[in-house]
Amino acid sequence: MGKEIKKIGVLTSGGDAPGMNAAIRAVVRKAISNGVEVVGVKKGYMGLLNNEIVPMDAHSVSDIIQRGGTILGTARCKEFTTEEGQAQGAEICRQNGIDGMVVIGGDGSYRGAQALSKHGINTIGLPGTIDLDISCTDYTIGFDTAINTAMEAIDKVRDTSSSHERCSIIEVMGRNAGYIALWCGVANGAEDILLPEKYDFNEQKIINNIIANRKRGKTHHLIVNAEGIGHSTSMARRIEAATGIETRATILGYMQRGGNPTCRDRYFASIMGALAADILCEGKTNRVIAYKNGEFVDYDIDEALAMQKSISDYEYDVSLALSRSRMEIGK
């Protein structure tokens, strides 16, 4: 184990995610219960380089568990991707007496945590991203809230799509990962689900599916499109021109990152935050917290970043089988 931990910091980095505040709260209160002082770093690694560091106590995290976003703020910081920036960040930690840091974010944030560890600052990463694209964990903070937000929005769009007998393309977030699109596509009963990991960019198959559905009397058609494919508006124009059916694109955008976190996100973020504080106070470093096979565990950051993750072939096949239209045309 490393040196005795007397003061730790916590920061949120990259895109915000519902449940980050629950994680911050858990880190602060569990560390305090362990007799360790806690400070918060504003605006992620950018705030660290700007020395935006504030003391935190149990009261400072009161009444935040139900709030979306992050009370510490977040930002992306190109400077921290450089060796010079990373060394500067570690030195600022030492100047402020910070022995360890809990970093809440995605893979990019983990690389920053990895760099701090190499420069002598104990670090623990927490998976905070709505995209569910961190390979070492089956759960990421914010995913559950994001898919429920998107699901409810898609239900509403489908209502009006049915009323106007339209084809609707709903674009959801996820960067280059298709998990939000897959979950919402199944949960919303989409006729087509377009995932970066699976899509063959054959628009004609989608057009044929829409036309076949309309001939069978289906009055609307729902396509859930992942952000990693994008171009929903131009796709809608092409589909309308090819089918003669009014087609509209709706890009849900950043609404998926906001809102009150679900019970699942609050609970998982709280347990993960507490575990991060505990193992950091034990002197561990260069670790990430994960939820794997029904248990909360920790991995070496190097090992975690080397892991790979992909959409389950079975789950994707199920999404196709559950589309009645595809089943009827033998696809």
# chains A, B, ... in the order shown; residues from 1 in each chain; ligands from 1
call {"tool": "residues_around", "arguments": {"residues": "Phe80 of chain A", "least_positions_apart": "2", "cutoff": "8 Å", "atoms": "only C-alpha atoms", "output": "MDAnalysis selection string"}}
result
chainID A and resid 45:46 77:78 82:86 89 112
call {"tool": "closest_atom_pairs", "arguments": {"of": "segment 151-194 of chain A", "to": "segment 233-249 of chain A", "cutoff": "9 Å", "atoms": "only C-alpha atoms", "output": "Markdown table"}}
result
| residue | atom | partner | partner_atom | distance |
| --- | --- | --- | --- | --- |
| A:Ser161 | CA | A:Arg248 | CA | 8.6 |
| A:His164 | CA | A:Glu246 | CA | 8.5 |
| A:Glu165 | CA | A:Glu246 | CA | 7.7 |
| A:Arg166 | CA | A:Glu246 | CA | 5.2 |
| A:Cys167 | CA | A:Thr247 | CA | 4.6 |
| A:Ser168 | CA | A:Arg248 | CA | 5.1 |
| A:Ile169 | CA | A:Ala249 | CA | 4.6 |
| A:Ile170 | CA | A:Ala249 | CA | 5.9 |
| A:Glu171 | CA | A:Ala249 | CA | 7.5 |
call {"tool": "write_last_selection", "arguments": {"atoms": "N, CA and C atoms", "output": "JSON list (two decimals), in the first residue's frame"}}
result
[["chain", "number", "residue", "atom", "x", "y", "z"],
["A", 161, "SER", "N", -46.45, 10.82, -34.17],
["A", 161, "SER", "CA", -46.11, 10.16, -35.42],
["A", 161, "SER", "C", -47.27, 9.29, -35.90],
["A", 164, "HIS", "N", -50.20, 11.46, -37.24],
["A", 164, "HIS", "CA", -49.96, 12.04, -38.56],
["A", 164, "HIS", "C", -49.53, 11.00, -39.60],
["A", 165, "GLU", "N", -49.50, 9.73, -39.20],
["A", 165, "GLU", "CA", -49.10, 8.64, -40.09],
["A", 165, "GLU", "C", -47.73, 8.90, -40.72],
["A", 166, "ARG", "N", -46.78, 9.23, -39.86],
["A", 166, "ARG", "CA", -45.44, 9.56, -40.29],
["A", 166, "ARG", "C", -44.45, 8.42, -40.03],
["A", 167, "CYS", "N", -43.30, 8.58, -40.63],
["A", 167, "CYS", "CA", -42.11, 7.85, -40.22],
["A", 167, "CYS", "C", -41.30, 8.80, -39.34],
["A", 168, "SER", "N", -40.85, 8.33, -38.18],
["A", 168, "SER", "CA", -40.07, 9.16, -37.27],
["A", 168, "SER", "C", -38.70, 8.54, -37.04],
["A", 169, "ILE", "N", -37.68, 9.38, -37.16],
["A", 169, "ILE", "CA", -36.32, 8.97, -36.81],
["A", 169, "ILE", "C", -35.96, 9.71, -35.53],
["A", 170, "ILE", "N", -35.67, 8.98, -34.47],
["A", 170, "ILE", "CA", -35.30, 9.57, -33.20],
["A", 170, "ILE", "C", -33.82, 9.29, -32.96],
["A", 171, "GLU", "N", -33.03, 10.34, -32.85],
["A", 171, "GLU", "CA", -31.60, 10.17, -32.62],
["A", 171, "GLU", "C", -31.28, 10.34, -31.14]]
call {"tool": "closest_residue", "arguments": {"among": "A:Arg67, A:Lys118, A:Arg175, A:Lys6", "to": "Ala22 of chain A", "atoms": "only C-alpha atoms"}}
result
A:Arg67
call {"tool": "closest_residue", "arguments": {"among": "A:Ile92, A:Ala31, A:Tyr316, A:Asn148", "to": "Val186 of chain A", "atoms": "only C-alpha atoms"}}
result
A:Tyr316
call {"tool": "residues_around", "arguments": {"residues": "segment 273-276 of chain A", "least_positions_apart": "6", "cutoff": "7 Å", "atoms": "only C-alpha atoms", "output": "list in words"}}
result
Ala23, Ile24, Ala26, Val27, Lys30, Val102, Ile124 and Ile289 of chain A
call {"tool": "write_last_selection", "arguments": {"atoms": "C-alpha atoms", "output": "compact mmCIF listing (two decimals), in the first residue's frame"}}
result
# COMPACT_ATOMS: atom_id res chain seq x y z
CA ALA A 23 -21.29 9.82 -6.09
CA ILE A 24 -19.73 13.08 -4.86
CA ALA A 26 -20.86 9.37 -1.00
CA VAL A 27 -17.15 10.07 -1.51
CA LYS A 30 -17.52 8.11 3.55
CA VAL A 102 -11.41 10.35 -6.88
CA ILE A 124 -9.45 6.00 -8.04
CA ILE A 289 -14.57 0.99 -9.48
call {"tool": "select_by_dssp", "arguments": {"residues": "segment 119-305 of chain A", "states": "strand (DSSP E or B)", "output": "PyMOL selection string"}}
result
chain A and resi 122-128+141+167-172+192-194+221-226+247-251+287-292+295-300
call {"tool": "closest_residue", "arguments": {"among": "A:Ile193, A:Tyr110, A:Tyr254, A:Ala90", "to": "Ala150 of chain A", "atoms": "only C-alpha atoms"}}
result
A:Tyr254
call {"tool": "atom_distance", "arguments": {"atom1": "atom CA of Ser270 of chain A", "atom2": "atom CA of Gly19 of chain A"}}
result
8.4 Å
call {"tool": "residues_around", "arguments": {"residues": "Met173 of chain A", "least_positions_apart": "4", "cutoff": "7 Å", "atoms": "only C-alpha atoms", "output": "PyMOL selection string"}}
result
chain A and resi 180+226-227+253
